[in-house]
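Asker: What follows is the file input.cif, containing mmCIF, C-alpha atoms (C1' of nucleotides):
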```cif
data_my_file
#
loop_
_atom_site.label_atom_id
_atom_site.label_comp_id
_atom_site.auth_asym_id
_atom_site.auth_seq_id
_atom_site.Cartn_x
_atom_site.Cartn_y
_atom_site.Cartn_z
CA MET A 1 -23.58 -26.61 -9.50
CA SER A 2 -21.33 -29.62 -9.10
CA ASP A 3 -19.41 -31.03 -12.03
CA SER A 4 -19.61 -34.56 -10.69
CA GLN A 5 -21.97 -35.95 -13.31
CA ALA A 6 -20.84 -33.71 -16.15
CA THR A 7 -19.69 -35.19 -19.41
CA ASN A 8 -17.07 -33.68 -21.67
CA ALA A 9 -19.51 -33.03 -24.49
CA PRO A 10 -19.41 -29.49 -25.89
CA VAL A 11 -22.06 -27.37 -24.23
CA GLY A 12 -24.12 -24.75 -26.00
CA GLU A 13 -22.56 -24.67 -29.44
CA PRO A 14 -24.00 -21.73 -31.39
CA PRO A 15 -26.16 -22.68 -34.41
CA LYS A 16 -24.93 -22.07 -37.94
CA ALA A 17 -26.44 -19.85 -40.65
CA PRO A 18 -29.48 -21.20 -42.54
CA ASP A 19 -29.41 -22.22 -46.19
CA LEU A 20 -31.83 -19.74 -47.72
CA ASP A 21 -31.67 -21.20 -51.22
CA ARG A 22 -32.77 -24.55 -49.96
CA LEU A 23 -35.57 -22.94 -47.96
CA ARG A 24 -36.83 -21.07 -51.01
CA LYS A 25 -37.00 -24.35 -52.87
CA THR A 26 -38.84 -25.99 -50.00
CA LEU A 27 -41.31 -23.12 -50.05
CA ASP A 28 -41.82 -23.34 -53.82
CA THR A 29 -42.49 -27.04 -53.56
CA TYR A 30 -44.87 -26.55 -50.67
CA MET A 31 -46.82 -23.81 -52.43
CA ASN A 32 -47.06 -25.86 -55.60
CA GLU A 33 -48.31 -28.90 -53.76
CA LYS A 34 -50.95 -26.89 -51.98
CA GLY A 35 -51.90 -24.79 -55.00
CA LEU A 36 -50.96 -21.59 -53.18
CA ARG A 37 -50.36 -18.50 -55.26
CA THR A 38 -47.34 -16.26 -55.35
CA THR A 39 -48.35 -12.69 -54.72
CA GLU A 40 -46.57 -9.38 -54.43
CA GLN A 41 -47.31 -9.33 -50.69
CA ARG A 42 -46.11 -12.85 -50.02
CA ARG A 43 -42.91 -12.23 -51.92
CA LEU A 44 -42.30 -9.07 -49.93
CA ILE A 45 -43.09 -10.66 -46.60
CA VAL A 46 -40.93 -13.72 -47.23
CA ASN A 47 -37.98 -11.60 -48.34
CA THR A 48 -38.38 -9.35 -45.33
CA PHE A 49 -38.50 -12.37 -43.05
CA PHE A 50 -35.36 -13.86 -44.61
CA ASP A 51 -33.58 -10.53 -44.19
CA SER A 52 -34.71 -9.96 -40.63
CA GLU A 53 -32.87 -10.91 -37.52
CA ALA A 54 -34.16 -13.99 -35.78
CA HIS A 55 -37.10 -13.91 -33.37
CA CYS A 56 -38.99 -11.09 -35.03
CA THR A 57 -42.65 -10.52 -34.24
CA ILE A 58 -45.47 -9.95 -36.72
CA ASP A 59 -45.38 -6.29 -35.78
CA ASP A 60 -41.65 -6.12 -36.51
CA LEU A 61 -42.23 -7.66 -39.92
CA LEU A 62 -45.27 -5.51 -40.66
CA GLU A 63 -43.30 -2.38 -39.90
CA LYS A 64 -40.52 -3.32 -42.32
CA VAL A 65 -42.97 -4.49 -44.98
CA ARG A 66 -44.98 -1.28 -44.75
CA ALA A 67 -41.83 0.77 -45.21
CA ILE A 68 -41.90 -0.67 -48.74
CA ASP A 69 -45.63 -1.11 -49.27
CA PRO A 70 -47.78 0.70 -46.71
CA ARG A 71 -50.97 -0.97 -47.89
CA VAL A 72 -50.12 -4.44 -46.58
CA GLY A 73 -52.40 -5.56 -43.74
CA TYR A 74 -51.63 -7.29 -40.48
CA ALA A 75 -53.73 -10.31 -41.44
CA THR A 76 -51.66 -10.88 -44.55
CA VAL A 77 -48.44 -11.02 -42.57
CA TYR A 78 -50.17 -13.21 -40.00
CA ARG A 79 -51.42 -15.62 -42.65
CA THR A 80 -48.14 -15.66 -44.53
CA MET A 81 -46.16 -16.51 -41.40
CA LYS A 82 -48.65 -19.22 -40.61
CA MET A 83 -48.13 -20.58 -44.12
CA LEU A 84 -44.36 -20.53 -43.62
CA SER A 85 -44.72 -22.36 -40.31
CA GLU A 86 -46.93 -25.01 -41.85
CA GLY A 87 -44.54 -25.41 -44.75
CA GLY A 88 -41.59 -25.91 -42.45
CA ILE A 89 -39.85 -22.69 -43.45
CA ALA A 90 -40.42 -20.86 -40.17
CA ASN A 91 -40.75 -21.78 -36.53
CA GLU A 92 -43.23 -19.97 -34.38
CA LEU A 93 -41.92 -19.19 -30.90
CA HIS A 94 -43.51 -17.88 -27.72
CA PHE A 95 -41.39 -16.43 -24.98
CA GLY A 96 -44.11 -15.34 -22.64
CA ASP A 97 -44.55 -11.70 -23.62
CA GLY A 98 -47.72 -12.53 -25.53
CA ALA A 99 -46.35 -11.89 -29.02
CA ALA A 100 -45.54 -14.75 -31.38
CA ARG A 101 -42.00 -14.64 -32.74
CA TYR A 102 -40.60 -16.29 -35.85
CA GLU A 103 -37.28 -17.73 -36.78
CA ILE A 104 -36.03 -19.44 -39.90
CA ALA A 105 -36.49 -23.20 -39.61
CA ASP A 106 -33.58 -25.53 -40.22
CA ASP A 107 -34.20 -29.25 -40.58
CA THR A 108 -30.56 -30.09 -40.31
CA SER A 109 -30.01 -28.72 -36.84
CA HIS A 110 -31.92 -27.76 -33.79
CA HIS A 111 -31.37 -25.12 -31.17
CA ASP A 112 -33.19 -23.86 -28.11
CA HIS A 113 -33.29 -20.47 -26.42
CA LEU A 114 -31.91 -18.52 -23.50
CA ILE A 115 -33.87 -15.34 -22.77
CA CYS A 116 -32.81 -12.41 -20.59
CA GLU A 117 -35.76 -11.07 -18.66
CA THR A 118 -34.01 -7.75 -18.17
CA CYS A 119 -32.84 -6.75 -21.65
CA GLY A 120 -34.84 -9.24 -23.73
CA ILE A 121 -31.83 -10.59 -25.61
CA ILE A 122 -32.46 -14.05 -27.05
CA ILE A 123 -29.49 -16.41 -27.30
CA GLU A 124 -29.61 -19.68 -29.20
CA PHE A 125 -27.92 -22.80 -27.89
CA GLU A 126 -27.46 -26.33 -29.09
CA GLU A 127 -26.91 -29.30 -26.81
CA PRO A 128 -27.06 -32.73 -28.47
CA LEU A 129 -26.87 -34.49 -25.14
CA ILE A 130 -30.10 -32.84 -24.00
CA GLU A 131 -31.73 -33.87 -27.27
CA GLU A 132 -30.61 -37.41 -26.66
CA LEU A 133 -31.86 -37.43 -23.08
CA GLN A 134 -35.22 -36.21 -24.31
CA GLU A 135 -35.43 -39.21 -26.60
CA ARG A 136 -34.55 -41.54 -23.77
CA ILE A 137 -37.23 -40.00 -21.57
CA ALA A 138 -39.80 -40.31 -24.34
CA ALA A 139 -38.82 -43.95 -24.89
CA LYS A 140 -39.16 -44.67 -21.21
CA PHE A 141 -42.74 -43.40 -21.26
CA ASP A 142 -43.50 -45.11 -24.57
CA PHE A 143 -43.86 -41.84 -26.35
CA THR A 144 -42.87 -40.40 -29.73
CA ILE A 145 -41.74 -36.78 -29.67
CA THR A 146 -42.94 -34.55 -32.49
CA HIS A 147 -41.47 -31.32 -31.18
CA HIS A 148 -40.38 -29.67 -27.98
CA ARG A 149 -39.86 -26.38 -26.22
CA HIS A 150 -36.86 -25.70 -24.11
CA GLU A 151 -36.41 -22.18 -22.87
CA LEU A 152 -34.10 -20.89 -20.16
CA TYR A 153 -35.16 -17.58 -18.63
CA GLY A 154 -32.81 -15.50 -16.55
CA ARG A 155 -30.47 -12.56 -16.54
CA CYS A 156 -27.26 -11.52 -18.23
CA LYS A 157 -24.44 -11.37 -15.72
CA ASP A 158 -22.85 -8.48 -17.60
CA THR A 159 -25.33 -6.00 -16.20
CA VAL A 160 -23.72 -3.00 -17.91
CA ALA A 161 -24.20 -4.42 -21.41
CA CYS A 162 -27.58 -5.78 -20.41
CA HIS A 163 -28.92 -2.48 -19.17
CA ALA A 164 -27.51 -0.69 -22.19
CA ARG A 165 -29.47 -3.04 -24.44
CA ARG A 166 -32.54 -2.52 -22.37
CA ALA A 167 -32.24 1.26 -22.62
CA LYS A 168 -31.99 1.02 -26.41
CA GLN A 169 -35.25 -0.83 -26.77
CA ARG A 170 -38.32 0.98 -28.03
CA THR A 171 -40.52 -1.31 -25.99
CA PRO A 172 -38.79 -2.93 -23.06
CA GLY A 173 -41.36 -5.76 -22.97
CA ASP A 174 -42.05 -8.21 -20.21
CA LEU A 175 -40.25 -11.43 -20.98
CA SER A 176 -41.14 -13.22 -17.78
CA ASN A 177 -42.77 -16.57 -18.26
CA LYS A 178 -46.31 -15.41 -17.61
CA GLU A 179 -47.77 -16.31 -20.98
CA MET B 180 -31.35 -42.76 -31.41
CA SER B 181 -27.90 -44.07 -30.66
CA ASP B 182 -26.86 -44.84 -27.12
CA SER B 183 -23.25 -43.94 -27.81
CA GLN B 184 -23.12 -40.78 -25.71
CA ALA B 185 -25.63 -41.90 -23.11
CA THR B 186 -24.67 -41.96 -19.49
CA ASN B 187 -25.96 -44.43 -16.95
CA ALA B 188 -27.87 -41.81 -15.01
CA PRO B 189 -31.51 -42.69 -14.32
CA VAL B 190 -33.75 -41.12 -16.92
CA GLY B 191 -37.12 -39.60 -16.24
CA GLU B 192 -37.67 -40.52 -12.61
CA PRO B 193 -41.27 -39.72 -11.64
CA PRO B 194 -41.67 -36.88 -9.12
CA LYS B 195 -42.76 -37.61 -5.58
CA ALA B 196 -45.90 -36.44 -3.76
CA PRO B 197 -45.93 -32.86 -2.44
CA ASP B 198 -45.89 -32.03 1.24
CA LEU B 199 -49.25 -30.31 1.66
CA ASP B 200 -48.73 -29.45 5.31
CA ARG B 201 -45.60 -27.55 4.48
CA LEU B 202 -47.36 -25.78 1.64
CA ARG B 203 -50.22 -24.71 3.88
CA LYS B 204 -47.67 -23.22 6.26
CA THR B 205 -45.95 -21.43 3.40
CA LEU B 206 -49.31 -20.03 2.34
CA ASP B 207 -50.18 -18.89 5.86
CA THR B 208 -46.88 -17.10 6.17
CA TYR B 209 -47.26 -15.50 2.76
CA MET B 210 -50.78 -14.30 3.50
CA ASN B 211 -49.75 -12.92 6.87
CA GLU B 212 -46.81 -11.06 5.41
CA LYS B 213 -48.98 -9.50 2.73
CA GLY B 214 -51.94 -8.81 4.98
CA LEU B 215 -54.19 -11.02 2.86
CA ARG B 216 -57.42 -12.27 4.37
CA THR B 217 -58.66 -15.79 4.72
CA THR B 218 -62.10 -16.06 3.20
CA GLU B 219 -64.61 -18.83 2.68
CA GLN B 220 -63.90 -18.77 -1.05
CA ARG B 221 -60.13 -18.87 -0.74
CA ARG B 222 -60.32 -21.76 1.69
CA LEU B 223 -62.57 -23.66 -0.68
CA ILE B 224 -60.47 -22.94 -3.76
CA VAL B 225 -57.20 -23.87 -2.06
CA ASN B 226 -58.63 -27.13 -0.74
CA THR B 227 -60.07 -27.96 -4.14
CA PHE B 228 -56.72 -27.25 -5.76
CA PHE B 229 -54.84 -29.44 -3.27
CA ASP B 230 -57.35 -32.24 -3.90
CA SER B 231 -57.28 -31.93 -7.68
CA GLU B 232 -55.12 -33.84 -10.03
CA ALA B 233 -52.17 -31.90 -11.40
CA HIS B 234 -52.45 -29.56 -14.39
CA CYS B 235 -56.01 -28.43 -13.78
CA THR B 236 -57.34 -25.32 -15.48
CA ILE B 237 -59.28 -22.48 -13.87
CA ASP B 238 -62.41 -23.90 -15.45
CA ASP B 239 -61.71 -27.34 -13.94
CA LEU B 240 -61.33 -25.76 -10.52
CA LEU B 241 -64.34 -23.50 -10.92
CA GLU B 242 -66.53 -26.48 -11.78
CA LYS B 243 -65.48 -28.37 -8.66
CA VAL B 244 -65.73 -25.28 -6.47
CA ARG B 245 -69.21 -24.48 -7.76
CA ALA B 246 -70.37 -28.01 -6.97
CA ILE B 247 -69.92 -26.91 -3.35
CA ASP B 248 -70.67 -23.20 -3.60
CA PRO B 249 -72.32 -22.18 -6.88
CA ARG B 250 -71.93 -18.49 -6.17
CA VAL B 251 -68.14 -18.36 -6.57
CA GLY B 252 -67.03 -16.33 -9.60
CA TYR B 253 -64.38 -17.02 -12.20
CA ALA B 254 -62.44 -13.92 -11.17
CA THR B 255 -62.12 -15.17 -7.61
CA VAL B 256 -60.60 -18.45 -8.74
CA TYR B 257 -58.41 -16.54 -11.16
CA ARG B 258 -57.20 -14.17 -8.45
CA THR B 259 -56.71 -16.94 -5.91
CA MET B 260 -54.61 -19.01 -8.30
CA LYS B 261 -52.57 -15.93 -9.07
CA MET B 262 -52.05 -15.43 -5.35
CA LEU B 263 -50.92 -19.05 -4.99
CA SER B 264 -48.50 -18.63 -7.88
CA GLU B 265 -47.04 -15.46 -6.41
CA GLY B 266 -46.74 -17.09 -3.02
CA GLY B 267 -44.86 -20.07 -4.45
CA ILE B 268 -47.63 -22.58 -3.70
CA ALA B 269 -48.66 -23.16 -7.32
CA ASN B 270 -46.96 -23.13 -10.70
CA GLU B 271 -48.77 -21.73 -13.70
CA LEU B 272 -48.25 -23.79 -16.86
CA HIS B 273 -49.13 -23.26 -20.52
CA PHE B 274 -49.18 -26.17 -22.90
CA GLY B 275 -50.38 -24.40 -25.99
CA ASP B 276 -54.12 -24.93 -25.82
CA GLY B 277 -54.67 -21.40 -24.59
CA ALA B 278 -55.77 -22.22 -21.06
CA ALA B 279 -53.49 -21.72 -18.06
CA ARG B 280 -52.96 -24.85 -15.98
CA TYR B 281 -51.84 -25.12 -12.38
CA GLU B 282 -49.82 -27.63 -10.43
CA ILE B 283 -48.68 -27.75 -6.82
CA ALA B 284 -45.24 -26.17 -6.50
CA ASP B 285 -42.46 -28.06 -4.80
CA ASP B 286 -39.24 -26.25 -3.88
CA THR B 287 -37.43 -29.46 -3.14
CA SER B 288 -37.68 -31.00 -6.56
CA HIS B 289 -38.28 -30.01 -10.14
CA HIS B 290 -39.95 -31.80 -12.99
CA ASP B 291 -40.83 -31.02 -16.57
CA HIS B 292 -43.61 -32.26 -18.86
CA LEU B 293 -44.35 -34.67 -21.67
CA ILE B 294 -47.65 -33.91 -23.42
CA CYS B 295 -49.57 -36.20 -25.79
CA GLU B 296 -51.09 -34.19 -28.61
CA THR B 297 -53.63 -36.92 -29.27
CA CYS B 298 -55.13 -37.69 -25.86
CA GLY B 299 -53.84 -34.70 -23.89
CA ILE B 300 -52.27 -36.76 -21.13
CA ILE B 301 -49.55 -34.87 -19.26
CA ILE B 302 -46.66 -36.90 -17.86
CA GLU B 303 -44.09 -35.45 -15.46
CA PHE B 304 -40.43 -36.33 -15.70
CA GLU B 305 -37.30 -35.48 -13.79
CA GLU B 306 -33.84 -35.54 -15.28
CA PRO B 307 -31.07 -34.06 -13.13
CA LEU B 308 -28.55 -34.32 -15.92
CA ILE B 309 -30.63 -31.99 -18.09
CA GLU B 310 -30.88 -29.55 -15.19
CA GLU B 311 -27.13 -29.67 -14.85
CA LEU B 312 -26.54 -29.16 -18.57
CA GLN B 313 -28.84 -26.14 -18.45
CA GLU B 314 -26.65 -24.63 -15.78
CA ARG B 315 -23.54 -25.29 -17.83
CA ILE B 316 -25.12 -23.62 -20.86
CA ALA B 317 -26.15 -20.62 -18.79
CA ALA B 318 -22.64 -20.36 -17.37
CA LYS B 319 -21.15 -20.50 -20.85
CA PHE B 320 -23.24 -17.51 -21.91
CA ASP B 321 -22.64 -15.68 -18.63
CA PHE B 322 -26.22 -15.97 -17.62
CA THR B 323 -28.15 -16.69 -14.42
CA ILE B 324 -31.24 -18.84 -14.85
CA THR B 325 -34.32 -17.85 -12.87
CA HIS B 326 -36.66 -20.47 -14.32
CA HIS B 327 -37.16 -22.57 -17.40
CA ARG B 328 -39.68 -24.39 -19.54
CA HIS B 329 -39.02 -27.77 -20.97
CA GLU B 330 -41.93 -29.48 -22.66
CA LEU B 331 -41.87 -32.52 -24.93
CA TYR B 332 -44.84 -32.79 -27.27
CA GLY B 333 -45.67 -35.99 -29.06
CA ARG B 334 -47.84 -39.07 -29.04
CA CYS B 335 -48.42 -42.07 -26.84
CA LYS B 336 -47.23 -45.22 -28.59
CA ASP B 337 -50.02 -47.24 -27.00
CA THR B 338 -52.65 -45.92 -29.39
CA VAL B 339 -55.46 -48.00 -27.90
CA ALA B 340 -55.10 -46.52 -24.43
CA CYS B 341 -54.39 -43.12 -25.96
CA HIS B 342 -57.52 -43.06 -28.10
CA ALA B 343 -59.60 -44.38 -25.22
CA ARG B 344 -58.44 -41.47 -23.10
CA ARG B 345 -59.19 -39.10 -25.90
CA ALA B 346 -62.71 -40.45 -26.29
CA LYS B 347 -63.34 -39.93 -22.57
CA GLN B 348 -62.46 -36.26 -22.67
CA ARG B 349 -65.26 -33.73 -22.46
CA THR B 350 -63.23 -31.33 -24.55
CA PRO B 351 -60.54 -32.98 -26.68
CA GLY B 352 -58.56 -29.72 -26.83
CA ASP B 353 -55.74 -28.89 -29.15
CA LEU B 354 -52.47 -29.46 -27.38
CA SER B 355 -50.22 -28.65 -30.28
CA ASN B 356 -47.65 -26.01 -29.60
CA LYS B 357 -49.56 -23.19 -31.26
CA GLU B 358 -50.04 -21.01 -28.18
"C1'" DT C 359 -65.04 0.44 11.53
"C1'" DT C 360 -61.65 -0.07 8.23
"C1'" DT C 361 -59.75 -2.16 4.58
"C1'" DA C 362 -59.56 -6.21 1.64
"C1'" DA C 363 -62.19 -9.56 -1.17
"C1'" DT C 364 -66.03 -10.80 -4.05
"C1'" DG C 365 -68.94 -11.09 -8.18
"C1'" DC C 366 -70.42 -9.12 -12.03
"C1'" DA C 367 -69.71 -7.06 -16.18
"C1'" DA C 368 -66.85 -4.64 -19.02
"C1'" DA C 369 -62.31 -3.88 -21.04
"C1'" DG C 370 -57.86 -5.62 -22.72
"C1'" DT C 371 -54.80 -8.55 -25.60
"C1'" DT C 372 -53.55 -11.10 -29.18
"C1'" DT C 373 -55.05 -14.32 -32.51
"C1'" DT C 374 -58.27 -15.75 -35.98
"C1'" DT C 375 -62.04 -15.39 -39.31
"C1'" DG C 376 -65.88 -13.52 -42.63
"C1'" DC C 377 -66.51 -11.19 -46.57
"C1'" DA C 378 -66.53 -8.12 -50.50
"C1'" DA C 379 -63.10 -6.54 -53.65
"C1'" DA C 380 -58.79 -7.36 -56.10
"C1'" DG C 381 -55.63 -10.21 -58.44
"C1'" DA C 382 -53.04 -14.70 -59.89
"C1'" DA C 383 -53.23 -18.49 -63.09
"C1'" DT D 384 -62.94 -16.70 -65.87
"C1'" DT D 385 -62.14 -19.15 -61.77
"C1'" DC D 386 -60.60 -19.57 -57.46
"C1'" DT D 387 -57.20 -17.69 -54.19
"C1'" DT D 388 -55.61 -13.77 -51.62
"C1'" DT D 389 -56.09 -9.28 -49.59
"C1'" DG D 390 -57.45 -5.76 -46.26
"C1'" DC D 391 -60.65 -4.36 -43.26
"C1'" DA D 392 -63.30 -4.95 -39.46
"C1'" DA D 393 -65.41 -7.89 -36.45
"C1'" DA D 394 -65.33 -12.19 -33.70
"C1'" DA D 395 -62.97 -15.27 -30.67
"C1'" DA D 396 -60.73 -16.84 -26.73
"C1'" DC D 397 -58.67 -15.86 -22.56
"C1'" DT D 398 -57.07 -12.84 -19.20
"C1'" DT D 399 -57.39 -8.82 -16.43
"C1'" DT D 400 -59.60 -4.86 -14.21
"C1'" DG D 401 -63.23 -1.34 -12.26
"C1'" DC D 402 -66.48 -0.83 -8.99
"C1'" DA D 403 -70.31 -1.24 -5.86
"C1'" DT D 404 -71.25 -4.54 -2.33
"C1'" DT D 405 -69.94 -7.78 1.16
"C1'" DA D 406 -67.28 -9.46 4.78
"C1'" DA D 407 -62.74 -10.25 7.41
"C1'" DA D 408 -60.17 -8.44 11.19
#
```
For the structure just supplied, provide its representation as structure tokens.

Answerer:
Amino acid sequence: MSDSQATNAPVGEPPKAPDLDRLRKTLDTYMNEKGLRTTEQRRLIVNTFFDSEAHCTIDDLLEKVRAIDPRVGYATVYRTMKMLSEGGIANELHFGDGAARYEIADDTSHHDHLICETCGIIIEFEEPLIEELQERIAAKFDFTITHHRHELYGRCKDTVACHARRAKQRTPGDLSNKE
Amino acid sequence: MSDSQATNAPVGEPPKAPDLDRLRKTLDTYMNEKGLRTTEQRRLIVNTFFDSEAHCTIDDLLEKVRAIDPRVGYATVYRTMKMLSEGGIANELHFGDGAARYEIADDTSHHDHLICETCGIIIEFEEPLIEELQERIAAKFDFTITHHRHELYGRCKDTVACHARRAKQRTPGDLSNKE
DNA sequence: TTTAATGCAAAGTTTTTGCAAAGAA
DNA sequence: TTCTTTGCAAAAACTTTGCATTAAA
């Protein structure tokens, strides 16, 4: 790649930690507005989600939830995560392995993802200049953007660390972009 | 959006027409290498695909193919499009409505997509600066990119034209990013 | 002839829903 | 009590495959 057109803007700043207190308030407000009820299961699922590492699947969450209450069903986790997505507390992501993944939503910043197809590691990056170019493109086509997907698929160059991570995985998974 | 950081690079240049002759040669070579056979059905499906507008689904193709030969099965179109994808003649796309879409692949240029969630129109854009920034981000994280997805979802500002298009559609489809 | 491709139907995947029973408010 | 939520199982919505038959080479 040539550097000829490159700007001096910082590239790929890592995102900061989410404000869970604020998110809990957002959720309360949302549930009140919609007349949704607070249940044992929802409390457990939300707490588990807030405690989990980013990009967890429904199965990941269900496993952790069932370690505490084995009677919780898949559909409950599914519907709770859907509720969180609709309420703006979670983002639903799809990286091509067929399973939906969730991350904590943050209104105040936005990041996109870099995915290793060998070890499955998911790296978050932020690039304001790309966001700005997106807006310019949308304007050019007389378009208003509501959301976007920007995913870079590839491979870690540090193949030792990468293969070590891969070996550790229970399910290696196919993270190619076949979805 | 502020223009403060914007460069003067052209934004969102539309992609050019594909070189079908070259693609047919690529396909011939690929099929020879793999010992794949040329059949009536494959010929028909490939020609239909080359004649179709971009971003057609398997169902779109099947409908056109069956207008000529009603005996062709879904699986044959499915397997032929998979062959074209593997041979680098087609790209498989997913815009969140659950159905795979195909476009003619072009090694010499790359574009991404802008999708209207109201009328379903799909606009292609090219932005070399974004491509370059992607490479810089990958480099920063010691990563090699094999491919990427960059999709902007939103709405046409010209609501009259947009709603007219929507009304014309056989199946309005849900192009939100739920996939 | 030999081996690949087709068409049908069946099987997979993952998501989504219907419904009777349980539980918030 | 009333109306929402749960858990199960079944339905959806696509994609993918098995296999006997057909057809390239």

Asker: CA of Ala284 (chain B) to CA of Ala317 (chain B): how many Å, to one decimal?

Answerer: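 Here the two named atoms are 23.4 Å from each other.
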
Asker: Near chain A, meaning an atom within 7 Å, which residues of chain B appear when counting only C-alpha atoms? Write them as a PDB file with C-alpha atoms, keeping the file's coordinate frame.

Answerer:
```pdb
ATOM      1  CA  VAL B 190     -33.750 -41.120 -16.920  1.00  0.00           C
ATOM      2  CA  GLY B 191     -37.120 -39.600 -16.240  1.00  0.00           C
ATOM      3  CA  ILE B 309     -30.630 -31.990 -18.090  1.00  0.00           C
ATOM      4  CA  ARG B 315     -23.540 -25.290 -17.830  1.00  0.00           C
ATOM      5  CA  ILE B 316     -25.120 -23.620 -20.860  1.00  0.00           C
ATOM      6  CA  ASP B 321     -22.640 -15.680 -18.630  1.00  0.00           C
ATOM      7  CA  PHE B 322     -26.220 -15.970 -17.620  1.00  0.00           C
ATOM      8  CA  THR B 323     -28.150 -16.690 -14.420  1.00  0.00           C
ATOM      9  CA  ILE B 324     -31.240 -18.840 -14.850  1.00  0.00           C
ATOM     10  CA  THR B 325     -34.320 -17.850 -12.870  1.00  0.00           C
ATOM     11  CA  HIS B 326     -36.660 -20.470 -14.320  1.00  0.00           C
ATOM     12  CA  HIS B 327     -37.160 -22.570 -17.400  1.00  0.00           C
ATOM     13  CA  ARG B 328     -39.680 -24.390 -19.540  1.00  0.00           C
ATOM     14  CA  HIS B 329     -39.020 -27.770 -20.970  1.00  0.00           C
ATOM     15  CA  GLU B 330     -41.930 -29.480 -22.660  1.00  0.00           C
ATOM     16  CA  LEU B 331     -41.870 -32.520 -24.930  1.00  0.00           C
ATOM     17  CA  TYR B 332     -44.840 -32.790 -27.270  1.00  0.00           C
ATOM     18  CA  GLY B 333     -45.670 -35.990 -29.060  1.00  0.00           C
ATOM     19  CA  ARG B 334     -47.840 -39.070 -29.040  1.00  0.00           C
ATOM     20  CA  CYS B 335     -48.420 -42.070 -26.840  1.00  0.00           C
ATOM     21  CA  LYS B 336     -47.230 -45.220 -28.590  1.00  0.00           C
TER      22      LYS B 336
END
```

Asker: What would the selection look like, as a PyMOL selection string, if the PyMOL selection byres ((chain A) within 12 of (chain D)) were run on the coordinates I just shared?

Answerer: chain A and resi 34-42+70-80+98+178-179

Asker: Which residue gives the smallest distance to chain C among A:His55, A:Lys25, A:Arg66, A:Lys82, with all atoms listed in the file counted?

Answerer: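 Smallest distance to chain C is found for A:Lys82.
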
Asker: Is it possible to get the axis-aligned box enclosing region 101-118 of chain A (all listed atoms, 5 Å extra per side) as JSON, with centre and edge lengths in Å rounded to one decimal?

Answerer:
```
{"center_x": -36.0, "center_y": -18.9, "center_z": -29.4, "size_x": 22.0, "size_y": 32.3, "size_z": 32.4}
```

Asker: Kindly resolve the PyMOL selection byres ((chain C) within 10 of (chain B)) on the present coordinates and return the residues as number ranges by chain.

Answerer: C: 362-366, 373

Asker: Would you mind telling me which residue in A:Asn47, A:Arg101, A:Ile68, A:Asp107 lies nearest to Thr26 (chain A) when using all atoms listed in the file?

Answerer: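 Checking each of A:Asn47, A:Arg101, A:Ile68, A:Asp107 against Thr26 (chain A), counting all atoms listed in the file, the winner is A:Asp107.
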
Asker: CA of Ala196 (chain B) and CA of Ser288 (chain B) are how many Å apart?

Answerer: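 A separation of 10.2 Å between them.
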
Asker: Interatomic distance between CA of Val244 (chain B) and CA of Tyr281 (chain B)?

Answerer: 15.1 Å

Asker: Select, from A:Leu61, A:Gly87, A:Met81, A:Ala67, the residue with the minimum atom-to-atom distance to Asp28 (chain A), counting all atoms listed in the file.

Answerer: A:Gly87

Asker: Given the file shown, determine the residues that the PyMOL selection byres ((chain A and resi 49-52) around 10) selects; report them as an NGL selection string.

Answerer: :A and (18 or 20 or 23-24 or 43-48 or 53-58 or 60-62 or 64-65 or 81 or 89-90 or 102-104)

Asker: I need the chosen residues saved as a PDB file, in the frame of the given file, with C-alpha atoms.

Answerer:
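Final output, saved to again15.pdb:
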```pdb
ATOM      1  CA  PRO A  18     -29.480 -21.200 -42.540  1.00  0.00           C
ATOM      2  CA  LEU A  20     -31.830 -19.740 -47.720  1.00  0.00           C
ATOM      3  CA  LEU A  23     -35.570 -22.940 -47.960  1.00  0.00           C
ATOM      4  CA  ARG A  24     -36.830 -21.070 -51.010  1.00  0.00           C
ATOM      5  CA  ARG A  43     -42.910 -12.230 -51.920  1.00  0.00           C
ATOM      6  CA  LEU A  44     -42.300  -9.070 -49.930  1.00  0.00           C
ATOM      7  CA  ILE A  45     -43.090 -10.660 -46.600  1.00  0.00           C
ATOM      8  CA  VAL A  46     -40.930 -13.720 -47.230  1.00  0.00           C
ATOM      9  CA  ASN A  47     -37.980 -11.600 -48.340  1.00  0.00           C
ATOM     10  CA  THR A  48     -38.380  -9.350 -45.330  1.00  0.00           C
ATOM     11  CA  GLU A  53     -32.870 -10.910 -37.520  1.00  0.00           C
ATOM     12  CA  ALA A  54     -34.160 -13.990 -35.780  1.00  0.00           C
ATOM     13  CA  HIS A  55     -37.100 -13.910 -33.370  1.00  0.00           C
ATOM     14  CA  CYS A  56     -38.990 -11.090 -35.030  1.00  0.00           C
ATOM     15  CA  THR A  57     -42.650 -10.520 -34.240  1.00  0.00           C
ATOM     16  CA  ILE A  58     -45.470  -9.950 -36.720  1.00  0.00           C
ATOM     17  CA  ASP A  60     -41.650  -6.120 -36.510  1.00  0.00           C
ATOM     18  CA  LEU A  61     -42.230  -7.660 -39.920  1.00  0.00           C
ATOM     19  CA  LEU A  62     -45.270  -5.510 -40.660  1.00  0.00           C
ATOM     20  CA  LYS A  64     -40.520  -3.320 -42.320  1.00  0.00           C
ATOM     21  CA  VAL A  65     -42.970  -4.490 -44.980  1.00  0.00           C
ATOM     22  CA  MET A  81     -46.160 -16.510 -41.400  1.00  0.00           C
ATOM     23  CA  ILE A  89     -39.850 -22.690 -43.450  1.00  0.00           C
ATOM     24  CA  ALA A  90     -40.420 -20.860 -40.170  1.00  0.00           C
ATOM     25  CA  TYR A 102     -40.600 -16.290 -35.850  1.00  0.00           C
ATOM     26  CA  GLU A 103     -37.280 -17.730 -36.780  1.00  0.00           C
ATOM     27  CA  ILE A 104     -36.030 -19.440 -39.900  1.00  0.00           C
TER      28      ILE A 104
END
```
